[in-house]
file structure-v8.cif (mmCIF, C-alpha atoms (C1' of nucleotides))
data_structure
#
loop_
_atom_site.label_atom_id
_atom_site.label_comp_id
_atom_site.auth_asym_id
_atom_site.auth_seq_id
_atom_site.Cartn_x
_atom_site.Cartn_y
_atom_site.Cartn_z
CA MET A 1 80.02 203.26 99.06
CA LEU A 2 77.58 200.70 97.64
CA THR A 3 77.46 196.95 98.05
CA VAL A 4 76.82 194.68 95.10
CA ASN A 5 73.13 194.62 95.82
CA GLU A 6 72.87 198.38 96.15
CA LEU A 7 74.84 198.86 92.95
CA ALA A 8 72.47 196.44 91.24
CA LEU A 9 69.44 198.44 92.37
CA GLU A 10 71.08 201.73 91.49
CA SER A 11 71.96 200.62 87.97
CA ASP A 12 68.82 198.57 87.28
CA THR A 13 70.81 195.40 86.76
CA PRO A 14 70.19 192.00 88.37
CA ALA A 15 72.67 191.41 91.17
CA HIS A 16 73.87 188.10 89.75
CA VAL A 17 74.66 189.90 86.51
CA VAL A 18 76.69 192.47 88.41
CA ARG A 19 78.60 189.63 90.00
CA TYR A 20 79.20 188.10 86.61
CA TYR A 21 80.53 191.38 85.25
CA LEU A 22 82.84 191.55 88.24
CA ARG A 23 84.04 188.06 87.57
CA ILE A 24 85.04 188.78 83.98
CA GLY A 25 86.63 192.09 84.96
CA LEU A 26 84.15 194.25 83.07
CA ILE A 27 83.79 196.30 86.25
CA GLN A 28 86.07 196.54 89.26
CA PRO A 29 85.23 197.21 92.87
CA ALA A 30 86.40 200.59 94.16
CA ALA A 31 87.19 199.10 97.54
CA GLN A 32 86.88 195.95 99.58
CA GLN A 33 85.62 195.36 103.08
CA GLU A 34 87.52 193.22 105.54
CA ASN A 35 85.05 190.38 105.08
CA GLY A 36 85.64 190.34 101.33
CA TYR A 37 82.49 192.22 100.36
CA ARG A 38 83.09 194.48 97.35
CA LEU A 39 82.24 198.16 97.47
CA PHE A 40 81.43 200.63 94.68
CA THR A 41 80.90 204.29 93.97
CA SER A 42 78.02 205.94 92.13
CA ASN A 43 80.46 206.23 89.24
CA ASP A 44 80.29 202.45 88.90
CA ALA A 45 76.51 202.68 88.68
CA THR A 46 76.91 205.09 85.77
CA ARG A 47 79.26 202.72 84.05
CA LEU A 48 76.89 199.83 84.57
CA ARG A 49 74.07 201.81 83.03
CA PHE A 50 76.34 202.50 80.08
CA ILE A 51 77.02 198.78 79.77
CA ARG A 52 73.31 198.02 79.69
CA MET A 53 72.75 200.63 76.99
CA ALA A 54 75.53 199.20 74.88
CA LYS A 55 74.22 195.66 75.33
CA HIS A 56 70.78 196.82 74.31
CA LEU A 57 72.39 198.12 71.13
CA GLY A 58 73.88 194.74 70.33
CA PHE A 59 77.43 195.15 71.61
CA THR A 60 79.01 192.09 73.16
CA LEU A 61 80.53 192.28 76.61
CA ASN A 62 83.98 191.91 75.11
CA GLU A 63 83.41 194.83 72.81
CA ILE A 64 82.11 196.88 75.71
CA LYS A 65 85.23 195.98 77.63
CA GLN A 66 87.39 197.26 74.78
CA ILE A 67 85.36 200.43 74.57
CA THR A 68 85.59 201.23 78.26
CA GLN A 69 89.29 200.45 78.27
CA HIS A 70 89.83 202.86 75.39
CA ALA A 71 87.78 205.44 77.18
CA GLU A 72 89.78 204.94 80.34
CA LEU A 73 92.95 205.87 78.44
CA GLY A 74 91.32 209.03 77.14
CA GLU A 75 91.14 207.67 73.58
CA SER A 76 87.90 208.09 71.69
CA PRO A 77 86.16 204.74 71.18
CA CYS A 78 83.68 206.26 68.73
CA ASP A 79 85.43 205.05 65.61
CA ASP A 80 85.44 201.46 66.83
CA VAL A 81 81.86 201.84 67.95
CA ARG A 82 80.73 202.81 64.47
CA LYS A 83 82.65 199.95 62.89
CA ILE A 84 81.33 197.38 65.33
CA ILE A 85 77.73 198.40 64.78
CA GLN A 86 78.13 198.25 61.02
CA HIS A 87 79.59 194.78 61.30
CA ARG A 88 76.85 193.69 63.70
CA ILE A 89 74.13 194.99 61.42
CA HIS A 90 75.43 192.83 58.62
CA GLU A 91 75.93 189.82 60.88
CA ASN A 92 72.46 190.15 62.33
CA ARG A 93 70.88 190.37 58.92
CA VAL A 94 72.48 187.09 57.92
CA LYS A 95 71.37 185.44 61.15
CA ILE A 96 67.82 186.63 60.72
CA GLU A 97 67.73 185.24 57.22
CA GLU A 98 69.00 181.89 58.43
CA MET A 99 66.40 181.77 61.15
CA MET A 100 63.65 182.61 58.71
CA LYS A 101 64.77 179.77 56.48
CA LEU A 102 64.71 177.47 59.48
CA GLN A 103 61.25 178.74 60.33
CA GLU A 104 60.08 177.84 56.85
CA ARG A 105 61.61 174.38 57.06
CA MET A 106 59.93 173.73 60.40
CA GLU A 107 56.54 174.96 59.28
CA GLN A 108 56.67 172.95 56.09
CA ALA A 109 57.67 169.85 58.01
CA LEU A 110 54.88 170.24 60.54
CA GLU A 111 52.30 170.68 57.81
CA GLN A 112 53.59 167.69 55.93
CA TRP A 113 53.47 165.60 59.12
CA ASN A 114 49.80 166.37 59.65
CA LEU A 115 49.04 163.84 56.93
CA MET A 116 51.30 161.19 58.42
CA PRO A 117 50.60 158.76 61.28
CA ASP A 118 53.01 158.07 64.10
CA GLY A 119 55.33 155.17 63.41
CA ILE A 120 57.16 152.56 65.40
CA PRO A 121 60.91 152.77 64.93
CA ASP A 122 62.74 149.78 63.53
CA GLY A 123 66.33 149.12 62.67
CA ASN A 124 66.23 151.19 59.48
CA SER A 125 64.43 154.21 60.81
CA VAL A 126 64.54 156.29 63.97
CA CYS A 127 61.68 158.63 63.20
CA HIS A 128 60.10 158.45 59.79
CA LEU A 129 58.69 161.98 60.22
CA ILE A 130 62.12 163.56 60.39
CA GLU A 131 63.52 161.23 57.79
CA SER A 132 60.72 162.14 55.39
CA VAL A 133 61.65 165.81 55.25
CA GLU A 134 62.63 166.86 51.77
CA GLY A 135 65.98 168.40 51.05
CA SER A 136 67.61 166.98 54.13
CA GLU A 137 70.11 165.19 51.93
CA GLY A 138 70.89 167.87 49.40
CA HIS A 139 72.48 170.62 51.47
CA CYS A 140 76.05 170.51 52.62
CA HIS A 141 77.63 173.41 54.45
CA THR A 142 76.95 175.90 57.21
CA GLU A 143 78.66 179.25 57.50
CA THR A 144 80.09 180.46 60.79
CA MET B 145 84.20 148.50 61.09
CA LEU B 146 84.84 152.20 60.62
CA THR B 147 87.16 154.55 62.46
CA VAL B 148 86.01 158.00 63.53
CA ASN B 149 87.37 159.53 60.39
CA GLU B 150 85.72 156.98 58.12
CA LEU B 151 82.43 157.39 59.96
CA ALA B 152 82.74 161.14 59.51
CA LEU B 153 83.24 160.77 55.76
CA GLU B 154 80.47 158.19 55.50
CA SER B 155 77.96 160.40 57.29
CA ASP B 156 79.05 163.73 55.85
CA THR B 157 79.89 165.11 59.28
CA PRO B 158 83.13 166.82 60.34
CA ALA B 159 85.29 164.43 62.34
CA HIS B 160 85.60 166.79 65.30
CA VAL B 161 81.81 166.93 65.45
CA VAL B 162 81.63 163.14 65.51
CA ARG B 163 84.07 163.19 68.42
CA TYR B 164 81.93 165.73 70.20
CA TYR B 165 78.84 163.59 69.74
CA LEU B 166 80.77 160.68 71.17
CA ARG B 167 81.79 162.74 74.15
CA ILE B 168 78.25 163.67 75.08
CA GLY B 169 77.02 160.13 74.50
CA LEU B 170 74.83 161.01 71.53
CA ILE B 171 76.47 158.12 69.70
CA GLN B 172 78.38 155.15 71.06
CA PRO B 173 81.21 153.18 69.52
CA ALA B 174 80.26 149.65 68.53
CA ALA B 175 83.69 148.42 69.52
CA GLN B 176 87.08 149.56 70.65
CA GLN B 177 90.55 148.72 69.44
CA GLU B 178 93.33 147.84 71.84
CA ASN B 179 94.91 151.24 71.36
CA GLY B 180 91.71 153.00 72.38
CA TYR B 181 90.54 153.87 68.89
CA ARG B 182 86.75 153.68 68.57
CA LEU B 183 85.09 151.61 65.88
CA PHE B 184 81.66 151.87 64.26
CA THR B 185 79.27 150.08 61.95
CA SER B 186 77.44 151.48 58.94
CA ASN B 187 74.40 151.59 61.21
CA ASP B 188 76.13 154.37 63.14
CA ALA B 189 76.58 156.28 59.90
CA THR B 190 72.83 156.04 59.34
CA ARG B 191 72.18 157.34 62.80
CA LEU B 192 74.59 160.21 62.30
CA ARG B 193 72.83 161.18 59.09
CA PHE B 194 69.58 161.14 61.04
CA ILE B 195 71.12 163.44 63.64
CA ARG B 196 72.18 165.90 60.94
CA MET B 197 68.67 165.87 59.47
CA ALA B 198 67.12 166.55 62.86
CA LYS B 199 69.58 169.36 63.56
CA HIS B 200 68.79 170.90 60.21
CA LEU B 201 65.16 170.89 61.31
CA GLY B 202 65.97 172.83 64.46
CA PHE B 203 66.15 170.05 67.05
CA THR B 204 68.75 170.47 69.77
CA LEU B 205 71.21 167.68 70.48
CA ASN B 206 69.47 166.97 73.75
CA GLU B 207 66.15 166.54 72.03
CA ILE B 208 67.76 164.28 69.45
CA LYS B 209 69.23 162.24 72.28
CA GLN B 210 65.78 161.80 73.81
CA ILE B 211 64.34 160.83 70.44
CA THR B 212 66.96 158.21 69.70
CA GLN B 213 66.67 156.81 73.21
CA HIS B 214 62.92 156.46 72.78
CA ALA B 215 63.44 154.82 69.44
CA GLU B 216 65.97 152.44 70.95
CA LEU B 217 63.31 151.20 73.36
CA GLY B 218 60.90 150.62 70.50
CA GLU B 219 58.68 153.52 71.55
CA SER B 220 57.51 155.93 68.90
CA PRO B 221 59.15 159.34 69.31
CA CYS B 222 56.78 160.90 66.77
CA ASP B 223 54.49 162.47 69.31
CA ASP B 224 57.37 164.23 71.06
CA VAL B 225 58.80 165.21 67.70
CA ARG B 226 55.60 167.01 66.73
CA LYS B 227 55.39 168.79 70.08
CA ILE B 228 59.00 169.88 70.00
CA ILE B 229 58.71 171.33 66.51
CA GLN B 230 55.59 173.24 67.46
CA HIS B 231 57.34 174.67 70.48
CA ARG B 232 60.43 175.50 68.44
CA ILE B 233 58.37 177.25 65.78
CA HIS B 234 56.90 179.53 68.40
CA GLU B 235 60.25 180.09 70.10
CA ASN B 236 61.94 180.89 66.83
CA ARG B 237 59.28 183.36 65.84
CA VAL B 238 59.84 185.27 69.09
CA LYS B 239 63.59 185.23 68.58
CA ILE B 240 63.30 186.49 65.04
CA GLU B 241 61.10 189.33 66.19
CA GLU B 242 63.60 190.27 68.87
CA MET B 243 66.43 190.25 66.38
CA MET B 244 64.47 192.40 63.97
CA LYS B 245 63.86 194.93 66.72
CA LEU B 246 67.56 194.90 67.49
CA GLN B 247 68.28 195.39 63.81
CA GLU B 248 66.06 198.45 63.78
CA ARG B 249 67.71 199.86 66.90
CA MET B 250 71.14 199.39 65.38
CA GLU B 251 70.23 200.94 62.04
CA GLN B 252 68.57 203.91 63.67
CA ALA B 253 71.59 204.45 65.88
CA LEU B 254 74.04 204.29 63.01
CA GLU B 255 72.01 206.79 61.00
CA GLN B 256 71.75 209.13 63.95
CA TRP B 257 75.50 208.89 64.51
CA ASN B 258 76.23 210.01 60.96
CA LEU B 259 75.43 213.52 62.06
CA MET B 260 77.61 213.35 65.15
CA PRO B 261 81.37 213.82 65.47
CA ASP B 262 83.63 211.53 67.47
CA GLY B 263 84.12 212.65 71.05
CA ILE B 264 86.79 212.37 73.67
CA PRO B 265 85.58 210.54 76.76
CA ASP B 266 85.59 212.34 80.08
CA GLY B 267 84.53 211.35 83.55
CA ASN B 268 80.82 211.71 82.82
CA SER B 269 80.72 209.93 79.51
CA VAL B 270 82.26 206.80 78.05
CA CYS B 271 80.94 207.13 74.51
CA HIS B 272 78.48 209.87 73.77
CA LEU B 273 77.29 208.03 70.65
CA ILE B 274 75.97 205.09 72.63
CA GLU B 275 74.72 207.31 75.41
CA SER B 276 72.80 209.44 72.92
CA VAL B 277 70.62 206.56 71.76
CA GLU B 278 66.96 207.15 72.54
CA GLY B 279 64.93 204.76 74.59
CA SER B 280 67.93 203.20 76.23
CA GLU B 281 66.52 204.18 79.62
CA GLY B 282 62.87 203.33 79.17
CA HIS B 283 62.86 199.56 78.75
CA CYS B 284 63.21 197.17 81.61
CA HIS B 285 62.92 193.45 81.19
CA THR B 286 63.97 190.58 78.97
CA GLU B 287 62.10 187.29 78.70
CA THR B 288 63.90 183.95 78.89
"C1'" DC C 289 114.76 152.75 60.67
"C1'" DT C 290 113.51 157.18 60.09
"C1'" DT C 291 110.89 160.76 58.39
"C1'" DG C 292 106.68 162.95 57.55
"C1'" DA C 293 101.81 163.15 57.06
"C1'" DC C 294 97.87 162.09 59.11
"C1'" DC C 295 94.94 160.45 62.70
"C1'" DT C 296 93.65 159.59 67.79
"C1'" DG C 297 91.46 160.84 72.32
"C1'" DT C 298 90.97 164.45 75.44
"C1'" DG C 299 91.50 169.08 77.91
"C1'" DT C 300 90.23 173.54 77.52
"C1'" DG C 301 87.91 177.87 75.66
"C1'" DT C 302 83.89 180.16 73.87
"C1'" DA C 303 79.02 184.01 75.46
"C1'" DA C 304 76.38 185.44 78.91
"C1'" DC C 305 74.56 184.26 82.31
"C1'" DG C 306 71.50 180.84 85.92
"C1'" DC C 307 71.56 178.11 89.83
"C1'" DA C 308 73.19 176.24 94.01
"C1'" DC C 309 75.88 176.21 98.10
"C1'" DA C 310 78.18 177.23 102.37
"C1'" DG C 311 78.98 180.77 105.10
"C1'" DG C 312 78.37 185.83 106.77
"C1'" DT C 313 75.25 189.70 108.21
"C1'" DT C 314 71.29 191.94 109.94
"C1'" DG C 315 66.97 192.45 112.24
"C1'" DT C 316 63.73 190.98 115.56
"C1'" DA C 317 61.84 188.34 119.48
"C1'" DG C 318 62.31 186.59 123.77
"C1'" DC D 319 72.49 188.39 125.48
"C1'" DT D 320 71.00 184.82 122.76
"C1'" DA D 321 68.29 182.39 119.25
"C1'" DC D 322 66.57 182.27 115.01
"C1'" DA D 323 65.08 183.57 110.42
"C1'" DA D 324 65.62 186.27 106.39
"C1'" DC D 325 68.69 187.96 103.39
"C1'" DC D 326 73.13 188.78 101.28
"C1'" DT D 327 78.02 187.35 99.95
"C1'" DG D 328 81.57 185.24 96.88
"C1'" DT D 329 82.38 181.41 94.10
"C1'" DG D 330 82.02 176.82 91.66
"C1'" DC D 331 79.74 174.47 88.31
"C1'" DG D 332 76.28 173.76 84.37
"C1'" DT D 333 74.40 175.39 80.13
"C1'" DT D 334 74.92 174.87 73.80
"C1'" DA D 335 77.37 173.07 70.14
"C1'" DC D 336 81.11 173.01 68.82
"C1'" DA D 337 86.56 174.89 67.69
"C1'" DC D 338 91.19 174.50 68.72
"C1'" DA D 339 95.36 172.73 70.64
"C1'" DC D 340 98.26 169.14 72.17
"C1'" DA D 341 100.84 164.98 72.99
"C1'" DG D 342 101.08 160.79 71.36
"C1'" DG D 343 99.87 156.79 67.96
"C1'" DT D 344 99.65 154.81 63.05
"C1'" DC D 345 100.87 154.14 58.37
"C1'" DA D 346 103.29 154.42 53.91
"C1'" DA D 347 107.50 155.86 51.51
"C1'" DG D 348 112.19 155.68 51.22
#
call {"tool": "encode", "arguments": {"input": "structure-v8.cif", "output": "structure tokens"}}
result
Amino acid sequence: MLTVNELALESDTPAHVVRYYLRIGLIQPAAQQENGYRLFTSNDATRLRFIRMAKHLGFTLNEIKQITQHAELGESPCDDVRKIIQHRIHENRVKIEEMMKLQERMEQALEQWNLMPDGIPDGNSVCHLIESVEGSEGHCHTET
Amino acid sequence: MLTVNELALESDTPAHVVRYYLRIGLIQPAAQQENGYRLFTSNDATRLRFIRMAKHLGFTLNEIKQITQHAELGESPCDDVRKIIQHRIHENRVKIEEMMKLQERMEQALEQWNLMPDGIPDGNSVCHLIESVEGSEGHCHTET
DNA sequence: CTTGACCTGTGTGTAACGCACAGGTTGTAG
DNA sequence: CTACAACCTGTGCGTTACACACAGGTCAAG
């Protein structure tokens, strides 16, 4: 039987992360000591390693929870796994594009500001640098 | 004097976002009705539009708070603004790179899985697809 | 006066931890 | 056997930027 710390070492996971996973019910202790300390088997270490793999692949903890619950019932989670990854690939592509647009906006702004002096704010203006950025009035919506 | 809803319309900001900004003290009501309703001036609409501009440029709400507080005291926030953007540009570049690596991992996995059938989980394995992914054991750390 | 539509402030939930705290445990020295 | 320090334990709260729900208030129409 392993303590939280030992399980953390065994599964190459920070101990506070193990405790967090316990808290949200992603893993459960196999037993409990009289003083409240939680105990685990090497099986739990295997599961934790699985969780880290899945996270590394972009699965959320909730999705991982679903997957392990399916697996626990003997149902194959593979179909869901494929669907989730496909969805995540699309999602991630959109996010990356958004961040690249932001990157461009920031770089353009910084370059533009190189030619501008600092200013003292007055009633009309908070920071003339930010207010000078082009296109800050034209856009309108943000997708989820 | 404007109500929350009118301020939201005036500044092109969703009303629930205005309420959130009020909650965290990013904006303050100019006055208050007897029934607790908060009231604003057109100056507040200007400030809200500034906030939206800054957000669009990648500033966090906390940073915007600092900036407006500086401006309120008559100090120029421009120097901080330049520093923050520089920092954010670097940060964002790192994040984008991480997300592109994740994208590659996900795409490689999905392709690899095309050749694999679904599997029924047993005691040793939760999902053989995820467990089959290469390199899921080799890495070790994540930066903040 | 009532009905209905709309608006109000506020409590809570989200993702995935990070940090802090009070108390428990273990090892070593005296 | 005791004193003390180092470490470990569970848990509460804070983080970001909202989204949603809810009970109650306001306003115009009829």
call {"tool": "atom_distance", "arguments": {"input": "structure-v8.cif", "atom1": "atom CA of Ser276 of chain B", "atom2": "atom CA of Met53 of chain A"}}
result
9.7 Å
call {"tool": "resolve_selection", "arguments": {"input": "structure-v8.cif", "expression": "the PyMOL selection byres ((chain A and resi 56) around 10)", "output": "MDAnalysis selection string"}}
result
(chainID A and resid 50:55 57:60) or (chainID B and resid 246 249:250 274 279:280 283)
call {"tool": "closest_residue", "arguments": {"input": "structure-v8.cif", "among": "D:DC331, D:DC322, D:DA341, D:DC336", "to": "DT298 of chain C", "atoms": "all atoms listed in the file"}}
result
D:DA341
call {"tool": "closest_atom_pairs", "arguments": {"input": "structure-v8.cif", "of": "segment 295-318 of chain C", "to": "segment 9-28 of chain A", "cutoff": "12 Å", "atoms": "all atoms listed in the file", "output": "JSON lines"}}
result
{"residue": "C:DA303", "atom": "C1'", "partner": "A:Ile24", "partner_atom": "CA", "distance": 11.5}
{"residue": "C:DA304", "atom": "C1'", "partner": "A:Tyr20", "partner_atom": "CA", "distance": 8.6}
{"residue": "C:DC305", "atom": "C1'", "partner": "A:Val17", "partner_atom": "CA", "distance": 7.0}
{"residue": "C:DG306", "atom": "C1'", "partner": "A:His16", "partner_atom": "CA", "distance": 8.5}
{"residue": "C:DC307", "atom": "C1'", "partner": "A:His16", "partner_atom": "CA", "distance": 10.3}
call {"tool": "resolve_selection", "arguments": {"input": "structure-v8.cif", "expression": "the PyMOL selection byres ((chain D) within 12 of (chain A))", "output": "ChimeraX atom specification"}}
result
/D:325-329,336-337
call {"tool": "atom_distance", "arguments": {"input": "structure-v8.cif", "atom1": "atom CA of Ser125 of chain A", "atom2": "atom CA of Glu235 of chain B"}}
result
27.8 Å
call {"tool": "atom_distance", "arguments": {"input": "structure-v8.cif", "atom1": "atom CA of Gly119 of chain A", "atom2": "atom CA of Pro221 of chain B"}}
result
8.2 Å
call {"tool": "resolve_selection", "arguments": {"input": "structure-v8.cif", "expression": "the PyMOL selection byres ((chain B) within 8 of (chain A))", "output": "PyMOL selection string"}}
result
chain B and resi 191+194+197-198+200-202+211-212+215-216+218-223+226+229-230+233+236-237+240+243-244+246-247+249-251+254+262-266+270-271+273-275+280-281
call {"tool": "interface_residues", "arguments": {"input": "structure-v8.cif", "of": "chain C", "to": "chain B", "cutoff": "8 Å", "atoms": "only C-alpha atoms (C1' of nucleotides)", "output": "PyMOL selection string"}}
result
chain C and resi 295-297
call {"tool": "axis_aligned_box", "arguments": {"input": "structure-v8.cif", "around": "segment 50-55 of chain A", "padding_each_side": "4 Å", "output": "AutoDock Vina command-line options"}}
result
--center_x 74.9 --center_y 199.1 --center_z 77.5 --size_x 12.3 --size_y 14.8 --size_z 13.2
call {"tool": "decode", "arguments": {"input": "structure-v8.cif", "residues": "segment 173-267 of chain B", "atoms": "C-alpha atoms", "output": "mmCIF file, in the first residue's frame"}}
result
data_model
loop_
_atom_site.group_PDB
_atom_site.id
_atom_site.type_symbol
_atom_site.label_atom_id
_atom_site.label_comp_id
_atom_site.auth_asym_id
_atom_site.auth_seq_id
_atom_site.Cartn_x
_atom_site.Cartn_y
_atom_site.Cartn_z
ATOM 1 C CA PRO B 173 -20.619 53.409 -10.206
ATOM 2 C CA ALA B 174 -20.787 57.190 -10.158
ATOM 3 C CA ALA B 175 -23.925 57.064 -8.069
ATOM 4 C CA GLN B 176 -26.491 54.723 -6.640
ATOM 5 C CA GLN B 177 -30.257 54.793 -6.684
ATOM 6 C CA GLU B 178 -32.286 54.168 -3.561
ATOM 7 C CA ASN B 179 -33.194 50.699 -4.772
ATOM 8 C CA GLY B 180 -29.539 49.748 -5.143
ATOM 9 C CA TYR B 181 -29.335 50.200 -8.899
ATOM 10 C CA ARG B 182 -25.953 51.572 -9.981
ATOM 11 C CA LEU B 183 -25.673 54.665 -12.142
ATOM 12 C CA PHE B 184 -22.925 55.852 -14.486
ATOM 13 C CA THR B 185 -21.784 58.794 -16.551
ATOM 14 C CA SER B 186 -20.711 58.830 -20.183
ATOM 15 C CA ASN B 187 -17.171 59.030 -18.832
ATOM 16 C CA ASP B 188 -17.602 55.466 -17.591
ATOM 17 C CA ALA B 189 -18.607 54.412 -21.091
ATOM 18 C CA THR B 190 -15.352 55.880 -22.375
ATOM 19 C CA ARG B 191 -13.418 53.976 -19.779
ATOM 20 C CA LEU B 192 -15.205 50.764 -20.645
ATOM 21 C CA ARG B 193 -14.354 51.218 -24.300
ATOM 22 C CA PHE B 194 -10.744 51.692 -23.239
ATOM 23 C CA ILE B 195 -10.901 48.458 -21.276
ATOM 24 C CA ARG B 196 -12.190 46.583 -24.319
ATOM 25 C CA MET B 197 -9.385 48.020 -26.450
ATOM 26 C CA ALA B 198 -6.775 46.969 -23.927
ATOM 27 C CA LYS B 199 -8.253 43.479 -23.652
ATOM 28 C CA HIS B 200 -8.226 43.169 -27.415
ATOM 29 C CA LEU B 201 -4.515 43.955 -27.228
ATOM 30 C CA GLY B 202 -3.894 41.115 -24.799
ATOM 31 C CA PHE B 203 -3.853 42.946 -21.465
ATOM 32 C CA THR B 204 -5.357 41.089 -18.526
ATOM 33 C CA LEU B 205 -8.001 42.747 -16.398
ATOM 34 C CA ASN B 206 -5.539 43.060 -13.553
ATOM 35 C CA GLU B 207 -3.072 44.879 -15.738
ATOM 36 C CA ILE B 208 -5.828 47.154 -16.991
ATOM 37 C CA LYS B 209 -6.755 47.864 -13.396
ATOM 38 C CA GLN B 210 -3.175 48.883 -12.629
ATOM 39 C CA ILE B 211 -3.073 51.071 -15.720
ATOM 40 C CA THR B 212 -6.280 52.904 -14.931
ATOM 41 C CA GLN B 213 -5.234 53.373 -11.317
ATOM 42 C CA HIS B 214 -1.946 54.900 -12.446
ATOM 43 C CA ALA B 215 -3.800 57.129 -14.847
ATOM 44 C CA GLU B 216 -6.190 58.183 -12.102
ATOM 45 C CA LEU B 217 -3.239 59.473 -10.085
ATOM 46 C CA GLY B 218 -1.997 61.462 -13.055
ATOM 47 C CA GLU B 219 0.999 59.168 -13.560
ATOM 48 C CA SER B 220 1.775 57.981 -17.053
ATOM 49 C CA PRO B 221 1.097 54.264 -17.432
ATOM 50 C CA CYS B 222 2.842 54.181 -20.812
ATOM 51 C CA ASP B 223 6.077 52.744 -19.529
ATOM 52 C CA ASP B 224 4.306 49.825 -17.859
ATOM 53 C CA VAL B 225 2.163 49.377 -20.931
ATOM 54 C CA ARG B 226 5.210 48.915 -23.140
ATOM 55 C CA LYS B 227 6.798 46.466 -20.714
ATOM 56 C CA ILE B 228 3.649 44.430 -20.329
ATOM 57 C CA ILE B 229 3.158 44.082 -24.068
ATOM 58 C CA GLN B 230 6.750 42.996 -24.535
ATOM 59 C CA HIS B 231 6.339 40.385 -21.846
ATOM 60 C CA ARG B 232 3.022 39.237 -23.289
ATOM 61 C CA ILE B 233 4.490 38.927 -26.775
ATOM 62 C CA HIS B 234 7.138 36.583 -25.460
ATOM 63 C CA GLU B 235 4.662 34.637 -23.332
ATOM 64 C CA ASN B 236 2.260 34.265 -26.207
ATOM 65 C CA ARG B 237 4.949 33.023 -28.535
ATOM 66 C CA VAL B 238 5.814 30.263 -26.067
ATOM 67 C CA LYS B 239 2.166 29.327 -25.672
ATOM 68 C CA ILE B 240 1.623 29.182 -29.400
ATOM 69 C CA GLU B 241 4.612 26.905 -29.779
ATOM 70 C CA GLU B 242 3.304 24.611 -27.071
ATOM 71 C CA MET B 243 -0.087 24.451 -28.709
ATOM 72 C CA MET B 244 1.447 23.671 -32.068
ATOM 73 C CA LYS B 245 3.387 20.812 -30.521
ATOM 74 C CA LEU B 246 0.175 19.549 -28.973
ATOM 75 C CA GLN B 247 -1.512 19.852 -32.339
ATOM 76 C CA GLU B 248 1.180 17.693 -33.887
ATOM 77 C CA ARG B 249 0.890 15.094 -31.124
ATOM 78 C CA MET B 250 -2.859 14.919 -31.582
ATOM 79 C CA GLU B 251 -2.709 14.632 -35.353
ATOM 80 C CA GLN B 252 -0.046 11.963 -35.224
ATOM 81 C CA ALA B 253 -2.060 10.008 -32.693
ATOM 82 C CA LEU B 254 -5.245 10.184 -34.716
ATOM 83 C CA GLU B 255 -3.453 8.997 -37.841
ATOM 84 C CA GLN B 256 -1.820 6.156 -35.981
ATOM 85 C CA TRP B 257 -5.179 5.135 -34.538
ATOM 86 C CA ASN B 258 -6.712 4.809 -37.992
ATOM 87 C CA LEU B 259 -4.892 1.527 -38.332
ATOM 88 C CA MET B 260 -6.006 0.238 -34.946
ATOM 89 C CA PRO B 261 -9.307 -1.372 -33.954
ATOM 90 C CA ASP B 262 -11.272 -0.454 -30.858
ATOM 91 C CA GLY B 263 -10.398 -2.552 -27.835
ATOM 92 C CA ILE B 264 -12.135 -3.763 -24.738
ATOM 93 C CA PRO B 265 -10.453 -2.526 -21.577
ATOM 94 C CA ASP B 266 -9.077 -5.050 -19.124
ATOM 95 C CA GLY B 267 -7.234 -4.729 -15.861
#
